[in-house]
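As stored in data_7.cif (mmCIF, C-alpha atoms (C1' of nucleotides)):
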data_work
loop_
_atom_site.label_atom_id
_atom_site.label_comp_id
_atom_site.auth_asym_id
_atom_site.auth_seq_id
_atom_site.Cartn_x
_atom_site.Cartn_y
_atom_site.Cartn_z
CA MET A 1 102.83 96.90 84.62
CA LEU A 2 99.96 98.24 82.70
CA ARG A 3 97.06 98.23 85.03
CA SER A 4 98.00 97.28 88.52
CA ASP A 5 94.98 95.19 89.23
CA TYR A 6 94.37 91.51 88.68
CA PRO A 7 90.63 91.13 88.28
CA ASP A 8 88.90 87.91 89.30
CA GLN A 9 91.81 86.81 91.43
CA VAL A 10 90.94 85.95 95.00
CA CYS A 11 94.49 85.08 95.89
CA SER A 12 96.35 87.14 98.47
CA ILE A 13 99.44 87.07 96.32
CA ALA A 14 97.49 88.82 93.59
CA LYS A 15 96.21 91.34 96.11
CA ALA A 16 99.72 91.98 97.34
CA LEU A 17 100.96 92.43 93.81
CA GLU A 18 98.20 94.88 93.04
CA VAL A 19 99.76 97.10 95.65
CA VAL A 20 103.49 96.49 95.37
CA GLY A 21 103.75 94.64 92.07
CA GLU A 22 104.06 97.66 89.86
CA ARG A 23 107.40 98.35 88.34
CA TRP A 24 109.74 100.11 90.83
CA SER A 25 107.42 99.81 93.82
CA LEU A 26 109.35 97.12 95.65
CA LEU A 27 112.64 98.78 94.83
CA ILE A 28 111.34 102.02 96.31
CA VAL A 29 110.41 100.14 99.47
CA ARG A 30 113.82 98.53 99.59
CA ASP A 31 115.55 101.87 99.10
CA THR A 32 113.48 103.39 101.85
CA MET A 33 114.57 100.57 104.14
CA LEU A 34 118.15 101.38 103.23
CA GLY A 35 117.62 104.94 104.40
CA ASN A 36 116.82 106.81 101.21
CA ARG A 37 113.85 108.90 102.18
CA ARG A 38 113.84 111.88 99.87
CA PHE A 39 112.62 112.28 96.35
CA GLY A 40 116.00 113.19 94.95
CA GLU A 41 117.81 110.40 96.78
CA LEU A 42 115.38 107.83 95.51
CA GLN A 43 115.48 109.18 92.00
CA ARG A 44 119.26 109.14 91.81
CA SER A 45 119.57 105.79 93.51
CA LEU A 46 117.03 104.03 91.33
CA GLY A 47 117.38 105.89 88.06
CA VAL A 48 113.61 105.90 87.75
CA ALA A 49 111.82 108.60 85.78
CA ARG A 50 110.71 111.43 88.02
CA ASN A 51 107.06 111.33 87.02
CA VAL A 52 106.95 107.60 87.66
CA LEU A 53 108.64 107.98 91.02
CA SER A 54 106.12 110.65 91.89
CA ALA A 55 103.22 108.41 90.95
CA ARG A 56 104.62 105.44 92.88
CA LEU A 57 105.25 107.45 96.01
CA GLN A 58 101.72 108.79 95.90
CA ARG A 59 100.34 105.30 95.50
CA LEU A 60 102.50 103.87 98.26
CA VAL A 61 101.38 106.66 100.58
CA GLU A 62 97.74 106.03 99.67
CA GLU A 63 98.21 102.35 100.40
CA ASP A 64 99.69 103.18 103.78
CA ILE A 65 103.04 101.64 102.96
CA LEU A 66 104.88 104.94 103.12
CA GLU A 67 104.20 107.98 105.23
CA ARG A 68 104.97 111.46 103.93
CA ARG A 69 106.40 113.62 106.68
CA PRO A 70 107.56 117.22 106.40
CA TYR A 71 111.13 117.77 107.48
CA GLN A 72 111.14 121.52 106.82
CA SER A 73 108.73 124.25 105.85
CA SER A 74 109.16 127.11 103.38
CA PRO A 75 109.66 125.55 101.13
CA GLU A 76 107.76 122.51 102.32
CA ARG A 77 109.93 119.45 101.92
CA HIS A 78 108.95 115.93 102.77
CA GLU A 79 110.51 112.60 103.53
CA TYR A 80 109.01 109.22 102.97
CA PHE A 81 109.04 106.79 105.86
CA LEU A 82 107.92 103.21 105.94
CA THR A 83 104.85 102.47 107.97
CA GLU A 84 104.46 99.21 109.88
CA LYS A 85 102.70 97.83 106.84
CA GLY A 86 105.64 98.82 104.69
CA LEU A 87 108.21 97.44 107.11
CA ASP A 88 106.25 94.23 107.12
CA LEU A 89 107.29 93.65 103.52
CA TRP A 90 110.73 92.85 104.81
CA PRO A 91 110.34 89.05 104.81
CA ALA A 92 109.22 89.12 101.18
CA LEU A 93 112.15 91.33 100.19
CA ILE A 94 114.60 89.12 102.04
CA ALA A 95 113.22 86.06 100.31
CA LEU A 96 113.46 87.69 96.90
CA GLN A 97 116.97 88.86 97.59
CA ALA A 98 118.05 85.42 98.71
CA TRP A 99 116.53 83.92 95.59
CA GLY A 100 118.39 86.40 93.44
CA ASP A 101 121.63 85.64 95.22
CA ARG A 102 121.20 81.90 94.86
CA HIS A 103 120.16 81.83 91.24
CA SER A 104 121.86 84.82 89.61
CA PRO A 105 125.02 84.97 91.63
CA GLU A 106 127.55 87.71 91.16
CA PRO A 107 131.03 86.39 90.47
CA ASP A 108 132.42 87.90 93.66
CA GLY A 109 129.54 87.07 95.95
CA PRO A 110 126.33 88.78 96.93
CA PRO A 111 126.23 92.56 96.52
CA MET A 112 124.53 93.05 99.83
CA LEU A 113 124.53 91.23 103.12
CA ILE A 114 121.80 91.35 105.71
CA VAL A 115 122.97 90.99 109.26
CA HIS A 116 121.25 90.76 112.60
CA LYS A 117 121.77 94.10 114.33
CA GLN A 118 121.94 92.72 117.85
CA CYS A 119 124.36 89.86 117.30
CA GLY A 120 125.92 90.58 113.92
CA GLY A 121 125.04 87.18 112.50
CA PRO A 122 124.01 86.61 108.90
CA VAL A 123 120.32 86.42 108.11
CA SER A 124 118.77 83.49 106.28
CA ASP A 125 116.35 83.66 103.38
CA ARG A 126 113.54 83.25 105.92
CA GLY A 127 114.67 86.20 107.96
CA VAL A 128 116.11 84.14 110.76
CA CYS A 129 119.48 84.92 112.29
CA GLU A 130 121.84 82.08 111.48
CA ARG A 131 123.98 82.79 114.48
CA CYS A 132 121.49 83.17 117.30
CA GLY A 133 118.43 81.63 115.66
CA GLU A 134 116.13 84.52 116.40
CA LEU A 135 113.16 85.23 114.13
CA LEU A 136 113.81 88.71 112.83
CA HIS A 137 111.76 91.65 111.62
CA ALA A 138 112.76 94.66 109.59
CA ARG A 139 114.02 96.65 112.56
CA ASP A 140 116.24 93.83 113.76
CA ALA A 141 118.37 93.76 110.66
CA CYS A 142 120.61 96.03 108.70
CA ALA A 143 122.26 95.85 105.32
CA ARG A 144 125.95 95.94 104.56
CA PRO A 145 127.68 96.07 101.22
CA GLY A 146 128.73 92.54 100.36
CA PRO A 147 131.76 91.23 98.51
CA GLY A 148 130.00 91.54 95.16
CA VAL A 149 129.83 95.31 95.24
CA ALA A 150 132.91 97.45 94.97
CA ALA A 151 132.29 101.12 95.57
CA HIS A 152 128.64 101.71 94.91
CA GLY A 153 128.31 103.33 98.29
CA LEU A 154 124.81 102.45 99.38
CA SER A 155 124.01 103.58 102.84
CA ALA A 156 123.60 100.81 105.27
CA SER A 157 121.06 101.03 108.04
CA THR A 158 117.69 99.36 107.86
CA SER A 159 115.25 101.19 110.01
CA ALA A 160 112.06 103.21 109.94
CA MET B 161 106.31 96.61 83.40
CA LEU B 162 107.79 98.39 80.48
CA ARG B 163 111.25 97.07 80.20
CA SER B 164 111.94 94.33 82.64
CA ASP B 165 115.41 95.45 83.52
CA TYR B 166 116.60 97.80 86.19
CA PRO B 167 119.85 99.22 84.88
CA ASP B 168 122.56 100.33 87.28
CA GLN B 169 121.10 98.33 90.13
CA VAL B 170 123.49 95.92 91.80
CA CYS B 171 120.90 94.70 94.25
CA SER B 172 119.77 91.10 94.16
CA ILE B 173 116.20 92.19 94.67
CA ALA B 174 116.42 94.15 91.44
CA LYS B 175 117.92 91.13 89.71
CA ALA B 176 115.14 88.92 90.99
CA LEU B 177 112.53 91.41 89.83
CA GLU B 178 114.09 91.56 86.39
CA VAL B 179 113.18 87.92 86.05
CA VAL B 180 109.92 87.55 87.95
CA GLY B 181 108.86 91.15 88.43
CA GLU B 182 106.95 91.50 85.20
CA ARG B 183 103.21 91.64 85.37
CA TRP B 184 101.71 88.14 85.70
CA SER B 185 105.01 86.31 86.14
CA LEU B 186 104.69 85.57 89.82
CA LEU B 187 101.05 84.66 89.42
CA ILE B 188 101.98 82.19 86.72
CA VAL B 189 104.52 80.66 89.06
CA ARG B 190 101.93 80.49 91.81
CA ASP B 191 99.39 78.90 89.52
CA THR B 192 101.93 76.35 88.40
CA MET B 193 102.57 75.49 92.04
CA LEU B 194 98.84 75.00 92.43
CA GLY B 195 98.88 72.44 89.64
CA ASN B 196 97.88 74.46 86.60
CA ARG B 197 100.36 73.38 84.03
CA ARG B 198 98.73 73.94 80.66
CA PHE B 199 98.34 77.02 78.58
CA GLY B 200 94.57 76.97 78.64
CA GLU B 201 94.36 76.29 82.36
CA LEU B 202 96.66 79.16 83.12
CA GLN B 203 94.87 81.45 80.74
CA ARG B 204 91.46 80.75 82.21
CA SER B 205 92.66 80.80 85.78
CA LEU B 206 94.50 84.10 85.46
CA GLY B 207 92.45 85.91 82.86
CA VAL B 208 95.65 87.08 81.24
CA ALA B 209 95.81 87.90 77.55
CA ARG B 210 96.99 84.93 75.51
CA ASN B 211 99.86 86.72 73.82
CA VAL B 212 101.11 87.98 77.15
CA LEU B 213 100.84 84.52 78.70
CA SER B 214 102.76 83.13 75.78
CA ALA B 215 105.51 85.71 76.18
CA ARG B 216 105.74 85.15 79.94
CA LEU B 217 105.92 81.38 79.62
CA GLN B 218 108.69 81.70 77.06
CA ARG B 219 110.60 84.04 79.32
CA LEU B 220 110.14 81.83 82.37
CA VAL B 221 111.36 78.82 80.41
CA GLU B 222 114.37 80.78 79.17
CA GLU B 223 115.14 81.79 82.73
CA ASP B 224 114.97 78.17 83.82
CA ILE B 225 112.05 78.78 86.15
CA LEU B 226 109.67 76.64 84.15
CA GLU B 227 110.36 73.57 82.06
CA ARG B 228 108.28 72.82 78.98
CA ARG B 229 107.56 69.13 78.70
CA PRO B 230 105.53 67.38 76.01
CA TYR B 231 102.66 65.34 77.34
CA GLN B 232 101.47 64.11 73.94
CA SER B 233 102.55 64.25 70.33
CA SER B 234 100.51 64.86 67.20
CA PRO B 235 99.52 67.38 67.90
CA GLU B 236 102.40 68.30 70.16
CA ARG B 237 101.10 69.55 73.45
CA HIS B 238 103.18 70.75 76.35
CA GLU B 239 102.91 71.29 80.04
CA TYR B 240 104.89 73.74 82.11
CA PHE B 241 106.60 72.43 85.21
CA LEU B 242 108.50 74.33 87.83
CA THR B 243 112.22 73.72 87.97
CA GLU B 244 114.11 73.74 91.24
CA LYS B 245 114.81 77.40 90.64
CA GLY B 246 111.11 78.03 90.19
CA LEU B 247 110.13 76.01 93.24
CA ASP B 248 112.66 78.00 95.18
CA LEU B 249 110.47 81.07 94.77
CA TRP B 250 108.13 79.50 97.28
CA PRO B 251 109.40 81.41 100.33
CA ALA B 252 108.94 84.71 98.52
CA LEU B 253 105.43 83.78 97.46
CA ILE B 254 104.53 82.66 100.96
CA ALA B 255 105.83 85.92 102.37
CA LEU B 256 103.84 87.96 99.87
CA GLN B 257 100.73 85.98 100.50
CA ALA B 258 101.06 86.40 104.25
CA TRP B 259 101.55 90.11 103.78
CA GLY B 260 98.43 90.31 101.65
CA ASP B 261 96.46 88.35 104.22
CA ARG B 262 97.61 90.54 107.07
CA HIS B 263 97.12 93.89 105.41
CA SER B 264 94.24 93.44 102.98
CA PRO B 265 92.20 90.89 104.85
CA GLU B 266 89.10 89.35 103.34
CA PRO B 267 86.07 89.70 105.59
CA ASP B 268 85.74 85.94 106.00
CA GLY B 269 89.39 85.12 106.39
CA PRO B 270 92.21 84.27 104.02
CA PRO B 271 91.20 82.86 100.64
CA MET B 272 93.89 80.23 100.76
CA LEU B 273 95.65 78.31 103.48
CA ILE B 274 99.04 76.73 103.23
CA VAL B 275 99.51 73.60 105.27
CA HIS B 276 102.42 71.31 105.98
CA LYS B 277 101.81 68.14 103.99
CA GLN B 278 103.39 65.79 106.49
CA CYS B 279 101.74 67.02 109.67
CA GLY B 280 98.85 69.15 108.45
CA GLY B 281 99.88 72.18 110.48
CA PRO B 282 99.52 75.76 109.25
CA VAL B 283 102.53 77.41 107.67
CA SER B 284 103.88 80.74 108.89
CA ASP B 285 104.85 83.69 106.74
CA ARG B 286 108.44 82.44 106.89
CA GLY B 287 107.52 79.03 105.58
CA VAL B 288 107.86 77.28 108.91
CA CYS B 289 105.30 74.79 110.12
CA GLU B 290 103.58 76.24 113.16
CA ARG B 291 102.70 72.83 114.49
CA CYS B 292 105.92 70.89 114.19
CA GLY B 293 108.35 73.75 113.70
CA GLU B 294 109.98 72.33 110.62
CA LEU B 295 111.54 74.66 108.03
CA LEU B 296 109.60 73.93 104.87
CA HIS B 297 110.20 74.07 101.16
CA ALA B 298 107.79 74.10 98.26
CA ARG B 299 107.35 70.34 98.16
CA ASP B 300 106.55 70.12 101.85
CA ALA B 301 103.44 72.26 101.62
CA CYS B 302 100.14 72.26 99.87
CA ALA B 303 97.39 74.81 99.46
CA ARG B 304 93.79 74.51 100.56
CA PRO B 305 90.92 76.86 99.94
CA GLY B 306 90.51 79.00 103.03
CA PRO B 307 87.42 80.43 104.67
CA GLY B 308 87.56 83.57 102.50
CA VAL B 309 86.86 81.74 99.28
CA ALA B 310 83.51 80.17 98.56
CA ALA B 311 83.46 78.08 95.43
CA HIS B 312 86.25 79.30 93.24
CA GLY B 313 87.49 75.76 92.93
CA LEU B 314 91.21 76.11 92.72
CA SER B 315 93.00 72.82 92.73
CA ALA B 316 95.00 72.19 95.78
CA SER B 317 98.29 70.36 95.60
CA THR B 318 101.60 72.10 95.59
CA SER B 319 104.18 70.02 93.86
CA ALA B 320 106.44 69.90 90.88
"C1'" DC C 321 119.11 143.39 93.07
"C1'" DC C 322 120.23 139.76 89.81
"C1'" DG C 323 121.49 135.44 88.33
"C1'" DA C 324 122.57 130.62 89.32
"C1'" DC C 325 121.45 126.65 91.90
"C1'" DT C 326 118.67 123.08 94.72
"C1'" DC C 327 114.71 120.44 95.81
"C1'" DG C 328 110.49 118.39 94.58
"C1'" DG C 329 107.80 117.91 91.67
"C1'" DT C 330 104.43 118.48 86.95
"C1'" DT C 331 103.67 118.58 81.89
"C1'" DG C 332 104.16 116.97 77.10
"C1'" DC C 333 105.78 113.91 73.98
"C1'" DT C 334 107.53 109.41 72.38
"C1'" DT C 335 108.11 104.60 72.87
"C1'" DG C 336 106.87 100.20 74.14
"C1'" DA C 337 104.14 96.77 76.82
"C1'" DT C 338 99.47 95.16 77.57
"C1'" DG C 339 94.55 93.83 76.43
"C1'" DC C 340 91.56 92.20 73.04
"C1'" DA C 341 89.74 89.92 69.15
"C1'" DA C 342 90.58 87.34 65.07
"C1'" DC C 343 93.01 83.86 62.90
"C1'" DC C 344 95.86 79.57 62.29
"C1'" DT C 345 97.33 74.64 62.72
"C1'" DT C 346 96.83 69.97 64.10
"C1'" DG C 347 93.85 66.72 65.38
"C1'" DT C 348 89.21 64.58 67.36
"C1'" DG C 349 84.25 63.78 67.52
"C1'" DT C 350 79.82 62.97 64.80
"C1'" DA D 351 81.86 67.73 55.90
"C1'" DC D 352 81.45 70.49 59.93
"C1'" DA D 353 82.13 71.87 64.46
"C1'" DC D 354 85.20 72.04 68.21
"C1'" DA D 355 89.42 71.92 71.19
"C1'" DA D 356 94.26 73.16 72.47
"C1'" DG D 357 97.89 76.06 71.93
"C1'" DG D 358 99.38 79.38 70.17
"C1'" DT D 359 100.43 83.92 66.66
"C1'" DT D 360 99.17 88.37 64.51
"C1'" DG D 361 97.25 93.12 64.27
"C1'" DC D 362 95.51 96.83 66.29
"C1'" DA D 363 94.11 100.17 70.07
"C1'" DT D 364 95.28 101.80 74.53
"C1'" DC D 365 97.69 102.88 78.46
"C1'" DA D 366 102.00 103.15 81.16
"C1'" DA D 367 106.97 104.10 81.27
"C1'" DG D 368 111.10 106.90 79.85
"C1'" DC D 369 112.87 111.39 78.88
"C1'" DA D 370 113.51 116.21 78.76
"C1'" DA D 371 111.81 120.63 79.66
"C1'" DC D 372 109.65 123.57 82.74
"C1'" DC D 373 108.04 125.56 87.26
"C1'" DG D 374 107.73 127.58 92.05
"C1'" DA D 375 109.80 128.41 96.42
"C1'" DG D 376 113.73 129.39 98.58
"C1'" DT D 377 119.07 129.99 99.20
"C1'" DC D 378 123.57 131.54 97.99
"C1'" DG D 379 127.11 134.59 95.82
"C1'" DG D 380 128.29 138.95 94.29
#
Could you show the structure in this file as structure tokens?
Amino acid sequence: MLRSDYPDQVCSIAKALEVVGERWSLLIVRDTMLGNRRFGELQRSLGVARNVLSARLQRLVEEDILERRPYQSSPERHEYFLTEKGLDLWPALIALQAWGDRHSPEPDGPPMLIVHKQCGGPVSDRGVCERCGELLHARDACARPGPGVAAHGLSASTSA
Amino acid sequence: MLRSDYPDQVCSIAKALEVVGERWSLLIVRDTMLGNRRFGELQRSLGVARNVLSARLQRLVEEDILERRPYQSSPERHEYFLTEKGLDLWPALIALQAWGDRHSPEPDGPPMLIVHKQCGGPVSDRGVCERCGELLHARDACARPGPGVAAHGLSASTSA
DNA sequence: CCGACTCGGTTGCTTGATGCAACCTTGTGT
DNA sequence: ACACAAGGTTGCATCAAGCAACCGAGTCGG
């Protein structure tokens, strides 16, 4: 994305994309949901350029999607946590993931499965548990490597 | 977006974003759902540069998200229609729109409302009718200007 | 005490996507 | 004959993304 704004658009989709539509932004949010909270983790996991990652994290913090918390001092080191606003992107991410799975399927099946933490059931593209029918939010679900991924070793818990 | 690919990512979200994550792509899809099907309509509605619009439309057609159909010959003129794959992005768009409405609210309310065509009820962020409870798809819903938009005059029907 | 290493960045440079204006082609209106 | 429309394409300027090098604070090993 060049400039991140979409002038003259009154649509909420455009407004959402101004904030999370830049290249890498949504993947950073997804990675944070998967438990990658530190600069180095995110950089290695995504393969994004460090300056770009730095810029995105700053923007996401400004937009109140991530929160930068110190986890040690001297030297000061920080972790990035999702805020409620950031966690609330979960339905959109689920929908995108489901779309990707349906329309660009891996030969061996989806690379990642989302399951309902409480009952273990699979989660639909609308973020509803297909076993117990509950309407889920980010904290109710966690990710597991699916059949389409061999040994990529992503960590698995979805939480703040 | 610079390059539209996210190498070394096995995630379906990354795969989805490779296809629809470029600047303007999702807005083009949204506009097509709203009934803007021609080059000029899209260009005026979005304010996107013509060369970029041209490139995006080509890409979306290649990816089988849009279909280019002639609506007259001599001179040949075409319209862009959503395929099933394109229509299937509806849940993701709804989720993004709901997120935008919740977290960057307009003072007067959301600029656009999505309603269930059959019963007229409002549609939730998961694409479920809040009146009759039905799980909806793109063809079941249509858009209406909401209280947050005065006279921007977007057309209203969501259909292929 | 010295060097090597880690983490979390920042800086500079190069490449490539985007925005903008001008132009082109086919055809219609007057 | 001239202007105008639709649907693009082309060229150029600008800005963002990718990459590598560097930096500062601290830790570890010897």
Could you write out chain B as a CSV table (one decimal) with C-alpha atoms, in the frame of the given file once it has been least-squares superposed on chain A using every ordered C-alpha pair?
chain,number,residue,atom,x,y,z
B,161,MET,CA,102.7,96.9,84.6
B,162,LEU,CA,99.8,98.2,82.7
B,163,ARG,CA,96.9,98.2,85.0
B,164,SER,CA,98.0,97.3,88.5
B,165,ASP,CA,95.0,95.1,89.2
B,166,TYR,CA,94.4,91.5,88.7
B,167,PRO,CA,90.6,91.1,88.3
B,168,ASP,CA,88.9,87.9,89.3
B,169,GLN,CA,91.8,86.8,91.4
B,170,VAL,CA,90.9,85.9,95.0
B,171,CYS,CA,94.5,85.1,95.9
B,172,SER,CA,96.4,87.1,98.5
B,173,ILE,CA,99.5,87.1,96.3
B,174,ALA,CA,97.5,88.8,93.6
B,175,LYS,CA,96.2,91.3,96.1
B,176,ALA,CA,99.7,92.0,97.3
B,177,LEU,CA,101.0,92.4,93.8
B,178,GLU,CA,98.2,94.9,93.0
B,179,VAL,CA,99.8,97.1,95.6
B,180,VAL,CA,103.5,96.5,95.4
B,181,GLY,CA,103.7,94.6,92.1
B,182,GLU,CA,104.1,97.7,89.9
B,183,ARG,CA,107.4,98.4,88.3
B,184,TRP,CA,109.7,100.1,90.8
B,185,SER,CA,107.4,99.8,93.8
B,186,LEU,CA,109.4,97.1,95.6
B,187,LEU,CA,112.6,98.8,94.8
B,188,ILE,CA,111.4,102.0,96.3
B,189,VAL,CA,110.4,100.1,99.5
B,190,ARG,CA,113.8,98.5,99.6
B,191,ASP,CA,115.6,101.8,99.1
B,192,THR,CA,113.5,103.4,101.8
B,193,MET,CA,114.6,100.5,104.1
B,194,LEU,CA,118.2,101.4,103.2
B,195,GLY,CA,117.6,104.9,104.4
B,196,ASN,CA,116.8,106.8,101.2
B,197,ARG,CA,113.9,108.9,102.2
B,198,ARG,CA,113.9,111.9,99.8
B,199,PHE,CA,112.6,112.2,96.3
B,200,GLY,CA,116.0,113.1,94.9
B,201,GLU,CA,117.8,110.4,96.7
B,202,LEU,CA,115.4,107.8,95.5
B,203,GLN,CA,115.5,109.2,92.0
B,204,ARG,CA,119.2,109.1,91.8
B,205,SER,CA,119.6,105.8,93.5
B,206,LEU,CA,117.0,104.0,91.3
B,207,GLY,CA,117.4,105.9,88.0
B,208,VAL,CA,113.6,105.9,87.7
B,209,ALA,CA,111.8,108.6,85.8
B,210,ARG,CA,110.7,111.4,88.0
B,211,ASN,CA,107.0,111.3,87.0
B,212,VAL,CA,106.9,107.6,87.6
B,213,LEU,CA,108.6,108.0,91.0
B,214,SER,CA,106.1,110.6,91.9
B,215,ALA,CA,103.2,108.4,90.9
B,216,ARG,CA,104.6,105.4,92.9
B,217,LEU,CA,105.3,107.4,96.0
B,218,GLN,CA,101.7,108.8,95.9
B,219,ARG,CA,100.4,105.3,95.5
B,220,LEU,CA,102.5,103.9,98.3
B,221,VAL,CA,101.4,106.6,100.6
B,222,GLU,CA,97.7,106.0,99.7
B,223,GLU,CA,98.2,102.3,100.4
B,224,ASP,CA,99.7,103.2,103.8
B,225,ILE,CA,103.0,101.6,103.0
B,226,LEU,CA,104.9,104.9,103.1
B,227,GLU,CA,104.2,108.0,105.2
B,228,ARG,CA,105.0,111.5,104.0
B,229,ARG,CA,106.4,113.6,106.7
B,230,PRO,CA,107.6,117.2,106.4
B,231,TYR,CA,111.2,117.8,107.5
B,232,GLN,CA,111.2,121.5,106.8
B,233,SER,CA,108.8,124.2,105.8
B,234,SER,CA,109.2,127.1,103.4
B,235,PRO,CA,109.7,125.6,101.1
B,236,GLU,CA,107.9,122.5,102.3
B,237,ARG,CA,110.0,119.4,101.9
B,238,HIS,CA,109.0,115.9,102.8
B,239,GLU,CA,110.6,112.6,103.5
B,240,TYR,CA,109.0,109.2,103.0
B,241,PHE,CA,109.1,106.8,105.9
B,242,LEU,CA,107.9,103.2,105.9
B,243,THR,CA,104.9,102.5,108.0
B,244,GLU,CA,104.5,99.2,109.9
B,245,LYS,CA,102.7,97.8,106.8
B,246,GLY,CA,105.7,98.8,104.7
B,247,LEU,CA,108.2,97.4,107.1
B,248,ASP,CA,106.3,94.2,107.1
B,249,LEU,CA,107.3,93.7,103.5
B,250,TRP,CA,110.7,92.8,104.8
B,251,PRO,CA,110.3,89.1,104.8
B,252,ALA,CA,109.2,89.1,101.2
B,253,LEU,CA,112.1,91.3,100.2
B,254,ILE,CA,114.6,89.1,102.0
B,255,ALA,CA,113.2,86.1,100.3
B,256,LEU,CA,113.5,87.7,96.9
B,257,GLN,CA,117.0,88.9,97.6
B,258,ALA,CA,118.1,85.4,98.7
B,259,TRP,CA,116.5,83.9,95.6
B,260,GLY,CA,118.4,86.4,93.4
B,261,ASP,CA,121.6,85.7,95.2
B,262,ARG,CA,121.2,81.9,94.8
B,263,HIS,CA,120.2,81.9,91.2
B,264,SER,CA,121.9,84.8,89.6
B,265,PRO,CA,125.0,85.0,91.6
B,266,GLU,CA,127.6,87.7,91.2
B,267,PRO,CA,131.1,86.4,90.5
B,268,ASP,CA,132.4,87.9,93.7
B,269,GLY,CA,129.6,87.1,96.0
B,270,PRO,CA,126.3,88.8,96.9
B,271,PRO,CA,126.2,92.6,96.5
B,272,MET,CA,124.5,93.1,99.8
B,273,LEU,CA,124.5,91.2,103.1
B,274,ILE,CA,121.8,91.4,105.7
B,275,VAL,CA,123.0,91.0,109.3
B,276,HIS,CA,121.2,90.8,112.6
B,277,LYS,CA,121.8,94.1,114.3
B,278,GLN,CA,121.9,92.7,117.9
B,279,CYS,CA,124.3,89.9,117.3
B,280,GLY,CA,125.9,90.6,113.9
B,281,GLY,CA,125.0,87.2,112.5
B,282,PRO,CA,124.0,86.6,108.9
B,283,VAL,CA,120.3,86.4,108.1
B,284,SER,CA,118.8,83.5,106.3
B,285,ASP,CA,116.3,83.7,103.4
B,286,ARG,CA,113.5,83.3,105.9
B,287,GLY,CA,114.7,86.2,108.0
B,288,VAL,CA,116.1,84.1,110.8
B,289,CYS,CA,119.5,84.9,112.3
B,290,GLU,CA,121.8,82.1,111.5
B,291,ARG,CA,124.0,82.8,114.5
B,292,CYS,CA,121.5,83.2,117.3
B,293,GLY,CA,118.4,81.6,115.7
B,294,GLU,CA,116.1,84.5,116.4
B,295,LEU,CA,113.1,85.2,114.1
B,296,LEU,CA,113.8,88.7,112.8
B,297,HIS,CA,111.8,91.6,111.6
B,298,ALA,CA,112.7,94.7,109.6
B,299,ARG,CA,114.0,96.6,112.6
B,300,ASP,CA,116.2,93.8,113.8
B,301,ALA,CA,118.4,93.8,110.7
B,302,CYS,CA,120.6,96.1,108.7
B,303,ALA,CA,122.3,95.9,105.3
B,304,ARG,CA,126.0,96.0,104.6
B,305,PRO,CA,127.7,96.1,101.2
B,306,GLY,CA,128.7,92.6,100.4
B,307,PRO,CA,131.8,91.3,98.5
B,308,GLY,CA,130.0,91.6,95.1
B,309,VAL,CA,129.8,95.3,95.3
B,310,ALA,CA,132.9,97.5,95.0
B,311,ALA,CA,132.2,101.2,95.6
B,312,HIS,CA,128.6,101.7,94.9
B,313,GLY,CA,128.2,103.4,98.3
B,314,LEU,CA,124.8,102.5,99.4
B,315,SER,CA,124.0,103.6,102.9
B,316,ALA,CA,123.6,100.8,105.3
B,317,SER,CA,121.0,101.0,108.1
B,318,THR,CA,117.7,99.4,107.9
B,319,SER,CA,115.2,101.2,110.1
B,320,ALA,CA,112.1,103.2,110.0
* Return as JSON, numbers by chain the set of residues that the PyMOL selection byres ((chain B) within 12 of (chain C)) yields on the displayed structure. => {"B": [161, 162, 163, 164, 182, 183, 184, 207, 208, 209, 210, 211, 212, 213, 215, 232, 233, 234, 235, 236, 237]}
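Using all atoms listed in the file, the nearest neighbour of chain B within the list D:DG380, D:DA363, D:DA355, D:DC372 is D:DA355.
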* To do: Could you tell me which residues the PyMOL selection byres ((chain B and resi 289-297) around 10) returns for this structure, as a VMD selection string?
  => (chain A and resid 126) or (chain B and resid 247 to 251 274 to 288 298 to 301)
Can you check which parts of chain D lie within 7 Å of chain A? Per residue, the shortest pair of atoms and distance in Å to one decimal, counting only C-alpha atoms (C1' of nucleotides), sorted by chain and number, as CSV.
residue,atom,partner,partner_atom,distance
D:DC365,C1',A:Leu2,CA,6.7
D:DA366,C1',A:Leu2,CA,5.5
D:DG368,C1',A:Ala49,CA,6.2
D:DA375,C1',A:Pro75,CA,5.5
D:DG376,C1',A:Pro75,CA,6.1
* Explicit residue set for the PyMOL selection byres ((chain B) within 7 of (chain A)), as a PyMOL selection string -> chain B and resi 161-162+170-176+182-183+187+245+249+251-253+255-257+259-261+263+271-272+286
* In Å, rounded to a single decimal, give me how far atom CA of B:Cys302 is from atom CA of B:Arg216. =>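 So the two atoms, atom CA of B:Arg216 and atom CA of B:Cys302, lie 24.4 Å apart.
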* Structure fact -> Taken to one decimal, the atom CA of B:Gln203-atom C1' of D:DC362 distance is 21.1 Å
* Distance atom CA of A:Val61-atom CA of B:Ser185, one decimal place? ->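 Taking atom CA of A:Val61 as the start and atom CA of B:Ser185 as the end point, the length is 25.2 Å.
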